[in-house]
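What follows is one structure encoded as structure tokens, with my remarks underneath.
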Amino acid sequence: MMALLAADYHTVDPKPLHKAAVYLMRSQQESGDWPQQHISGVFNRNCMITYANYRNIFPIWALGLYRRLVLQGMTRASSSSSTDDQAWMCCMSDFFVASAQQQQR
């Protein structure tokens with residue numbers, strides 16, 4: 001979902017993103033958590049790593065991006081933005097400005 005949003009696919013066809021958002025919302029447990037997936041990192045054939053907070057961080061992040069880009073119609077900051085803005089864009093393009101604000105510039 002985040003990859004599709006980063007690629008601006010929501011401007012082409014938002015339907016897969018709507019379905020992904022519904023899936024994430026339905027997957028959320030009563031406690032507010034999302035289910036823990038299998039251990040994802042293995043190295044040296046004997047050490048397994050699990051990132052327990054990732055199960056909550058990425059769904060919330062994805063739903064936040066979905067809300068801003070798809071539901072609220074916000075856009076990512078343009079490449080002509082200041083250096084500080086570009087630093088934020090490096091973080092999965094999570095720096096947004098409202099379309100109306102961009103048009104006023």
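Simple scheme: letters A, B, ... for chains in structure tokens order, numbers from 1 for residues in each chain, numbers from 1 for ligands in the order shown.
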
Checklist line | Filtered DSSP result for range 35-69 of chain A, state strand (DSSP E or B), as JSON, numbers by chain | finding: {"A": [41, 42, 43, 47, 48, 49]}

Next item on the list: Name all residues at most 12 Å from Asn56 in chain A (count only C-alpha atoms; drop same-chain ones fewer than 2 positions away) and give them as a list in words.
Entry: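 Once the adjacent positions are removed, what remains is Leu24, Met25, Ser27, Gln28, Gln29, Ser31, Gly32, Asp33, Trp34, Pro35, Gln36, Gln37, Tyr51, Ala52, Asn53, Tyr54, Phe58, Pro59, Ile60, Trp61, Ala62 and Leu63 of chain A.
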
Check: How far is it from CA of Ala6 in chain A to CA of Arg55 in chain A, in Å with one decimal?
Finding: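 These two atoms are separated by 19.9 Å.
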
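As for CA of His38 in chain A and CA of Leu5 in chain A, they are spaced 25.2 Å apart.
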